[in-house]
Amino acid sequence: MKVSIITVTYNSEATIRNTLSCIAQQDYPDIEHIIIDGLSDDSTLKIVQNFPHVAKVISEKDEGMYDAMNKGIATASGEIIGILNSDDVYANNEVISTVVSAFNNDKADVCYADLQYVNQQNLDKVVRTWKSGNFSGKSFYWGWMPPHPTFFVRKEVYEKSGLFNTKLKSAADYEIMLRILLKYKMSASYIPQVIVKMRAGGKSNASFSNRIKANKEDRLAWKLNGLRPYFFTLYLKPLRKVSQFLTR
């Protein structure tokens with residue numbers, strides 16, 4: 001089973017080496033690593049050239065991060081697709097093997113796991129652990145969502161449910177997971193372990209005000225899918241997200 005990993009880059013020279021290294025060190029033998037670059041003008045692409053495991057590099061102007069992710073999905077040839085940001089890393093060299101085992105054992109459409117927010121400079125210094133827990137049909141209604149960097153999807157799922165909605169600026173990852181799991185009711189397998197380390201300080205989580213702005217897009221995500229959220233979905237979720245960022 002081939003696994004395609006998509007990494008979107010733009011002037012990512014400060015962090016991309018860590019991301020590339022963690023994929024090069026995976027013990028799973030059939031990985032297609034795809035770099036979608038937005039015409040970086042730093043040394044990002046030179047660093048990428050030093051990693052022969054990279055299968056494809058596309059460097060051209062895009063319409064933002066989610067447009068770039070869509071390009072990656074469109075060009076991916078793997079049966080399973082994962083997205084790893086250019087400043088994130090896998091927690092160990094067995095992550096992809098673990099993911100493939102979950103798909104094989106549970107026959108699920110998607111799988112996801114836990115994530116750790118870590119210090120920008122020290123990836124071993126944990127700021128917060130995001131424990132996803134098992135998914136049920138009511139999970140999203142109570143403010144739940146899985147961490148997107150841990151979210152792996154069979155390619156056929158994207159073919160059925162569609163790609164990222166590029167009209168959304170910060171909630172396209174939330175919207176696509178909502179669409180796949182709640183609207184299309186795809187089956188999910190939860191891996192109860194940390195598989196991704198994410199540097200703390202993402203745009204939508206950087207402050208309470210930013211989280212409230214992002215929550216407006218979260219509400220739109222429900223509307224776009226013809227779904228009606230509960231009260232808790234709209235008002236409990238932003239508080240949980242701020243807590244995940246601010247507390248250990």
# chains A, B, ... in the order shown; residues from 1 in each chain; ligands from 1

call {"tool": "residues_around", "arguments": {"residues": "A:Ala68", "least_positions_apart": "5", "cutoff": "8 Å", "atoms": "only C-alpha atoms", "output": "mmCIF file with N, CA and C atoms, in the first residue's frame"}}
result
data_model
loop_
_atom_site.group_PDB
_atom_site.id
_atom_site.type_symbol
_atom_site.label_atom_id
_atom_site.label_comp_id
_atom_site.auth_asym_id
_atom_site.auth_seq_id
_atom_site.Cartn_x
_atom_site.Cartn_y
_atom_site.Cartn_z
ATOM 1 N N VAL A 8 3.431 21.244 1.945
ATOM 2 C CA VAL A 8 3.335 22.545 1.285
ATOM 3 C C VAL A 8 4.410 23.462 1.863
ATOM 4 N N ILE A 36 4.937 20.658 -2.559
ATOM 5 C CA ILE A 36 4.238 21.687 -3.340
ATOM 6 C C ILE A 36 4.710 23.044 -2.819
ATOM 7 N N ASP A 37 5.498 23.715 -3.624
ATOM 8 C CA ASP A 37 6.152 24.953 -3.199
ATOM 9 C C ASP A 37 5.534 26.158 -3.905
ATOM 10 N N GLY A 38 5.393 27.238 -3.161
ATOM 11 C CA GLY A 38 4.780 28.448 -3.704
ATOM 12 C C GLY A 38 5.772 29.460 -4.228
ATOM 13 N N ASP A 62 0.614 29.762 -6.369
ATOM 14 C CA ASP A 62 -0.657 29.154 -6.004
ATOM 15 C C ASP A 62 -1.555 30.205 -5.359
ATOM 16 N N GLU A 63 -2.743 29.770 -5.004
ATOM 17 C CA GLU A 63 -3.725 30.677 -4.407
ATOM 18 C C GLU A 63 -3.813 30.497 -2.892
#

call {"tool": "residues_around", "arguments": {"residues": "stretch 175-177 of chain A", "least_positions_apart": "5", "cutoff": "9 Å", "atoms": "only C-alpha atoms", "output": "mmCIF file with C-alpha atoms, in the first residue's frame"}}
result
data_model
loop_
_atom_site.group_PDB
_atom_site.id
_atom_site.type_symbol
_atom_site.label_atom_id
_atom_site.label_comp_id
_atom_site.auth_asym_id
_atom_site.auth_seq_id
_atom_site.Cartn_x
_atom_site.Cartn_y
_atom_site.Cartn_z
ATOM 1 C CA MET A 145 -12.187 17.665 15.941
ATOM 2 C CA PRO A 146 -9.084 15.580 15.233
ATOM 3 C CA HIS A 148 -5.445 17.643 10.913
ATOM 4 C CA PHE A 151 -5.446 12.832 9.557
ATOM 5 C CA SER A 161 -16.192 13.918 -0.966
ATOM 6 C CA GLY A 162 -14.110 16.527 -2.797
ATOM 7 C CA LEU A 163 -11.007 18.542 -1.980
ATOM 8 C CA PHE A 164 -10.287 21.525 0.296
ATOM 9 C CA ASN A 165 -12.608 24.507 -0.045
ATOM 10 C CA LEU A 168 -12.045 29.313 3.558
ATOM 11 C CA LEU A 182 -20.135 13.811 9.450
ATOM 12 C CA GLU A 217 -15.296 30.188 9.516
ATOM 13 C CA ASP A 218 -16.022 27.047 11.525
ATOM 14 C CA LEU A 220 -19.568 28.638 7.828
ATOM 15 C CA ALA A 221 -18.166 25.129 7.428
ATOM 16 C CA TRP A 222 -21.373 23.719 8.907
ATOM 17 C CA LEU A 224 -21.620 24.852 3.538
ATOM 18 C CA ASN A 225 -22.421 21.227 4.314
#

call {"tool": "select_by_dssp", "arguments": {"residues": "stretch 2-175 of chain A", "states": "helix (DSSP H, G or I)", "output": "ChimeraX atom specification"}}
result
/A:16-24,44-49,65-75,95-106,140-142,148-150,155-161,172-175

call {"tool": "write_last_selection", "arguments": {"atoms": "C-alpha atoms", "output": "PDB file, in the first residue's frame"}}
result
ATOM      1  CA  ILE A  16      11.842  22.127   6.282  1.00  0.00           C
ATOM      2  CA  ARG A  17      14.984  20.087   7.013  1.00  0.00           C
ATOM      3  CA  ASN A  18      13.346  18.595  10.128  1.00  0.00           C
ATOM      4  CA  THR A  19      10.231  17.701   8.147  1.00  0.00           C
ATOM      5  CA  LEU A  20      12.201  16.098   5.329  1.00  0.00           C
ATOM      6  CA  SER A  21      14.402  14.158   7.741  1.00  0.00           C
ATOM      7  CA  CYS A  22      11.502  12.679   9.684  1.00  0.00           C
ATOM      8  CA  ILE A  23       9.987  11.270   6.489  1.00  0.00           C
ATOM      9  CA  ALA A  24      13.313  10.034   5.118  1.00  0.00           C
ATOM     10  CA  THR A  44      13.909  25.894   0.702  1.00  0.00           C
ATOM     11  CA  LEU A  45      14.246  24.143  -2.662  1.00  0.00           C
ATOM     12  CA  LYS A  46      18.021  23.761  -2.303  1.00  0.00           C
ATOM     13  CA  ILE A  47      17.449  21.948   0.983  1.00  0.00           C
ATOM     14  CA  VAL A  48      14.815  19.733  -0.632  1.00  0.00           C
ATOM     15  CA  GLN A  49      17.329  18.733  -3.330  1.00  0.00           C
ATOM     16  CA  MET A  65      -2.015  26.820   1.355  1.00  0.00           C
ATOM     17  CA  TYR A  66      -5.231  24.906   0.675  1.00  0.00           C
ATOM     18  CA  ASP A  67      -4.928  25.370  -3.076  1.00  0.00           C
ATOM     19  CA  ALA A  68      -1.423  23.911  -2.793  1.00  0.00           C
ATOM     20  CA  MET A  69      -2.758  20.957  -0.784  1.00  0.00           C
ATOM     21  CA  ASN A  70      -5.323  20.318  -3.505  1.00  0.00           C
ATOM     22  CA  LYS A  71      -2.527  20.242  -6.083  1.00  0.00           C
ATOM     23  CA  GLY A  72      -0.718  17.688  -3.975  1.00  0.00           C
ATOM     24  CA  ILE A  73      -3.768  15.463  -3.651  1.00  0.00           C
ATOM     25  CA  ALA A  74      -4.395  15.682  -7.391  1.00  0.00           C
ATOM     26  CA  THR A  75      -0.873  14.523  -8.216  1.00  0.00           C
ATOM     27  CA  VAL A  95       4.468   6.480  12.195  1.00  0.00           C
ATOM     28  CA  ILE A  96       3.632   5.482   8.622  1.00  0.00           C
ATOM     29  CA  SER A  97       3.901   1.777   9.441  1.00  0.00           C
ATOM     30  CA  THR A  98       1.487   2.330  12.318  1.00  0.00           C
ATOM     31  CA  VAL A  99      -0.942   4.216  10.074  1.00  0.00           C
ATOM     32  CA  VAL A 100      -0.896   1.524   7.391  1.00  0.00           C
ATOM     33  CA  SER A 101      -1.514  -1.162  10.030  1.00  0.00           C
ATOM     34  CA  ALA A 102      -4.532   0.797  11.277  1.00  0.00           C
ATOM     35  CA  PHE A 103      -5.997   0.940   7.771  1.00  0.00           C
ATOM     36  CA  ASN A 104      -5.349  -2.733   7.158  1.00  0.00           C
ATOM     37  CA  ASN A 105      -6.680  -3.924  10.504  1.00  0.00           C
ATOM     38  CA  ASP A 106      -9.762  -1.710  10.789  1.00  0.00           C
ATOM     39  CA  PHE A 140     -18.405  17.310  16.122  1.00  0.00           C
ATOM     40  CA  TYR A 141     -21.573  18.571  17.787  1.00  0.00           C
ATOM     41  CA  TRP A 142     -19.693  18.783  21.091  1.00  0.00           C
ATOM     42  CA  HIS A 148      -5.445  17.643  10.913  1.00  0.00           C
ATOM     43  CA  PRO A 149      -1.718  16.774  10.599  1.00  0.00           C
ATOM     44  CA  THR A 150      -2.559  13.321  11.998  1.00  0.00           C
ATOM     45  CA  LYS A 155      -7.495   8.666  -1.934  1.00  0.00           C
ATOM     46  CA  GLU A 156     -10.909   7.357  -2.978  1.00  0.00           C
ATOM     47  CA  VAL A 157     -12.433   9.332  -0.093  1.00  0.00           C
ATOM     48  CA  TYR A 158     -11.222  12.606  -1.623  1.00  0.00           C
ATOM     49  CA  GLU A 159     -12.620  11.439  -4.950  1.00  0.00           C
ATOM     50  CA  LYS A 160     -16.036  10.960  -3.345  1.00  0.00           C
ATOM     51  CA  SER A 161     -16.192  13.918  -0.966  1.00  0.00           C
ATOM     52  CA  ALA A 172     -10.673  24.515   5.320  1.00  0.00           C
ATOM     53  CA  ASP A 173      -9.026  21.654   7.216  1.00  0.00           C
ATOM     54  CA  TYR A 174     -11.847  21.656   9.774  1.00  0.00           C
ATOM     55  CA  GLU A 175     -14.460  21.823   7.019  1.00  0.00           C
TER      56      GLU A 175
END

call {"tool": "select_by_dssp", "arguments": {"residues": "stretch 145-191 of chain A", "states": "strand (DSSP E or B)", "output": "list in words"}}
result
Phe152, Val153, Arg154, Ala188, Ser189, Tyr190 and Ile191 of chain A

call {"tool": "residues_around", "arguments": {"residues": "A:Gln120", "least_positions_apart": "3", "cutoff": "10 Å", "atoms": "only C-alpha atoms", "output": "list in words"}}
result
Thr15, Asp87, Tyr117, Leu123, Asp124, Lys125, Val127, Met198, Arg199, Ala200 and Gly201 of chain A

call {"tool": "closest_residue", "arguments": {"among": "A:Gly78, A:Pro29, A:Pro52, A:Pro192", "to": "A:Lys131", "atoms": "only C-alpha atoms"}}
result
A:Pro192

call {"tool": "atom_distance", "arguments": {"atom1": "atom CA of A:Pro229", "atom2": "atom CA of A:Thr166"}}
result
21.8 Å

call {"tool": "residues_around", "arguments": {"residues": "A:Ile34", "least_positions_apart": "3", "cutoff": "9 Å", "atoms": "only C-alpha atoms", "output": "list in words"}}
result
Ser4, Ile5, Ile6, Thr7, Val8, Val54, Ala55, Lys56, Val57, Ile58, Gly72, Thr75 and Ala76 of chain A

call {"tool": "write_last_selection", "arguments": {"atoms": "N, CA and C atoms", "output": "CSV table (one decimal), in the first residue's frame"}}
result
chain,number,residue,atom,x,y,z
A,4,SER,N,1.1,8.5,0.2
A,4,SER,CA,1.6,9.8,-0.3
A,4,SER,C,1.6,10.8,0.8
A,5,ILE,N,2.7,11.5,1.0
A,5,ILE,CA,2.7,12.5,2.0
A,5,ILE,C,3.0,13.8,1.3
A,6,ILE,N,2.1,14.8,1.5
A,6,ILE,CA,2.1,16.1,0.9
A,6,ILE,C,2.6,17.1,1.9
A,7,THR,N,3.7,17.9,1.5
A,7,THR,CA,4.2,19.0,2.3
A,7,THR,C,4.1,20.2,1.4
A,8,VAL,N,3.4,21.2,1.9
A,8,VAL,CA,3.3,22.5,1.3
A,8,VAL,C,4.4,23.5,1.9
A,54,VAL,N,12.5,12.4,-1.8
A,54,VAL,CA,11.4,13.2,-2.3
A,54,VAL,C,11.1,12.7,-3.8
A,55,ALA,N,9.8,12.4,-4.0
A,55,ALA,CA,9.4,11.8,-5.3
A,55,ALA,C,9.0,12.9,-6.3
A,56,LYS,N,8.4,14.0,-5.8
A,56,LYS,CA,7.9,15.0,-6.8
A,56,LYS,C,8.1,16.4,-6.1
A,57,VAL,N,8.5,17.4,-6.9
A,57,VAL,CA,8.5,18.8,-6.5
A,57,VAL,C,7.8,19.6,-7.5
A,58,ILE,N,6.8,20.4,-7.1
A,58,ILE,CA,6.1,21.3,-7.9
A,58,ILE,C,6.3,22.7,-7.3
A,72,GLY,N,-1.4,18.9,-4.4
A,72,GLY,CA,-0.7,17.7,-4.0
A,72,GLY,C,-1.6,16.5,-4.0
A,75,THR,N,-2.0,15.2,-7.6
A,75,THR,CA,-0.9,14.5,-8.2
A,75,THR,C,-0.5,13.3,-7.5
A,76,ALA,N,-1.0,13.0,-6.3
A,76,ALA,CA,-0.6,11.9,-5.5
A,76,ALA,C,-1.1,10.6,-6.1

call {"tool": "residues_around", "arguments": {"residues": "A:Asp109", "least_positions_apart": "3", "cutoff": "6 Å", "atoms": "only C-alpha atoms", "output": "ChimeraX atom specification"}}
result
/A:154,186-188

call {"tool": "write_last_selection", "arguments": {"atoms": "all heavy atoms", "output": "tab-separated table (two decimals), in the first residue's frame"}}
result
chain	number	residue	atom	x	y	z
A	154	ARG	N	-7.93	7.67	2.68
A	154	ARG	CA	-7.81	6.92	1.43
A	154	ARG	C	-8.09	7.87	0.26
A	154	ARG	O	-8.99	8.71	0.35
A	154	ARG	CB	-8.81	5.76	1.41
A	154	ARG	CG	-8.52	4.66	2.42
A	154	ARG	CD	-9.46	3.48	2.21
A	154	ARG	NE	-9.30	2.48	3.26
A	154	ARG	CZ	-8.42	1.49	3.24
A	154	ARG	NH1	-7.62	1.37	2.18
A	154	ARG	NH2	-8.34	0.63	4.22
A	186	MET	N	-17.94	8.72	6.60
A	186	MET	CA	-16.86	7.77	6.35
A	186	MET	C	-16.40	7.16	7.67
A	186	MET	O	-16.43	7.81	8.72
A	186	MET	CB	-15.69	8.48	5.67
A	186	MET	CG	-16.04	9.10	4.32
A	186	MET	SD	-16.40	7.83	3.07
A	186	MET	CE	-16.66	8.85	1.61
A	187	SER	N	-15.96	5.93	7.63
A	187	SER	CA	-15.51	5.25	8.84
A	187	SER	C	-14.13	5.73	9.25
A	187	SER	O	-13.28	6.05	8.40
A	187	SER	CB	-15.51	3.74	8.63
A	187	SER	OG	-14.62	3.38	7.58
A	188	ALA	N	-13.89	5.79	10.57
A	188	ALA	CA	-12.63	6.32	11.08
A	188	ALA	C	-12.02	5.39	12.11
A	188	ALA	O	-12.72	4.74	12.88
A	188	ALA	CB	-12.86	7.70	11.71

call {"tool": "decode", "arguments": {"residues": "stretch 47-64 of chain A", "atoms": "N, CA, C and O atoms", "output": "short mmCIF file (atom, residue, chain, number, x, y, z; two decimals), in the first residue's frame"}}
result
data_model
loop_
_atom_site.label_atom_id
_atom_site.label_comp_id
_atom_site.auth_asym_id
_atom_site.auth_seq_id
_atom_site.Cartn_x
_atom_site.Cartn_y
_atom_site.Cartn_z
N ILE A 47 17.46 22.94 -0.10
CA ILE A 47 17.45 21.95 0.98
C ILE A 47 16.72 20.69 0.54
O ILE A 47 17.17 19.57 0.78
N VAL A 48 15.59 20.87 -0.14
CA VAL A 48 14.81 19.73 -0.63
C VAL A 48 15.66 18.86 -1.56
O VAL A 48 15.57 17.62 -1.52
N GLN A 49 16.50 19.48 -2.38
CA GLN A 49 17.33 18.73 -3.33
C GLN A 49 18.30 17.79 -2.64
O GLN A 49 18.79 16.83 -3.27
N ASN A 50 18.57 18.02 -1.38
CA ASN A 50 19.51 17.16 -0.64
C ASN A 50 18.85 15.91 -0.07
O ASN A 50 19.52 15.12 0.60
N PHE A 51 17.56 15.73 -0.35
CA PHE A 51 16.82 14.58 0.18
C PHE A 51 16.28 13.76 -0.99
O PHE A 51 15.21 14.05 -1.54
N PRO A 52 17.02 12.71 -1.38
CA PRO A 52 16.64 11.93 -2.57
C PRO A 52 15.36 11.13 -2.43
O PRO A 52 14.84 10.63 -3.44
N HIS A 53 14.82 11.03 -1.21
CA HIS A 53 13.57 10.29 -1.06
C HIS A 53 12.38 11.05 -1.64
O HIS A 53 11.33 10.45 -1.90
N VAL A 54 12.51 12.36 -1.83
CA VAL A 54 11.40 13.18 -2.34
C VAL A 54 11.07 12.73 -3.76
O VAL A 54 11.93 12.71 -4.64
N ALA A 55 9.81 12.39 -3.98
CA ALA A 55 9.39 11.83 -5.27
C ALA A 55 9.04 12.90 -6.29
O ALA A 55 9.34 12.76 -7.48
N LYS A 56 8.38 13.99 -5.83
CA LYS A 56 7.92 15.02 -6.76
C LYS A 56 8.07 16.39 -6.11
O LYS A 56 7.82 16.55 -4.91
N VAL A 57 8.46 17.36 -6.91
CA VAL A 57 8.52 18.75 -6.47
C VAL A 57 7.81 19.61 -7.50
O VAL A 57 8.16 19.59 -8.69
N ILE A 58 6.82 20.35 -7.05
CA ILE A 58 6.12 21.31 -7.92
C ILE A 58 6.30 22.69 -7.29
O ILE A 58 5.89 22.92 -6.15
N SER A 59 6.94 23.59 -8.01
CA SER A 59 7.15 24.94 -7.50
C SER A 59 6.55 25.94 -8.48
O SER A 59 7.06 26.14 -9.58
N GLU A 60 5.45 26.54 -8.07
CA GLU A 60 4.74 27.49 -8.91
C GLU A 60 3.82 28.34 -8.05
O GLU A 60 3.53 27.99 -6.89
N LYS A 61 3.33 29.41 -8.60
CA LYS A 61 2.44 30.28 -7.87
C LYS A 61 1.13 29.54 -7.56
O LYS A 61 0.63 28.78 -8.38
N ASP A 62 0.61 29.76 -6.37
CA ASP A 62 -0.66 29.15 -6.00
C ASP A 62 -1.55 30.21 -5.36
O ASP A 62 -1.16 31.36 -5.17
N GLU A 63 -2.74 29.77 -5.00
CA GLU A 63 -3.72 30.68 -4.41
C GLU A 63 -3.81 30.50 -2.89
O GLU A 63 -4.84 30.79 -2.29
N GLY A 64 -2.75 29.99 -2.29
CA GLY A 64 -2.73 29.81 -0.85
C GLY A 64 -2.49 28.35 -0.47
O GLY A 64 -2.38 27.46 -1.31
#
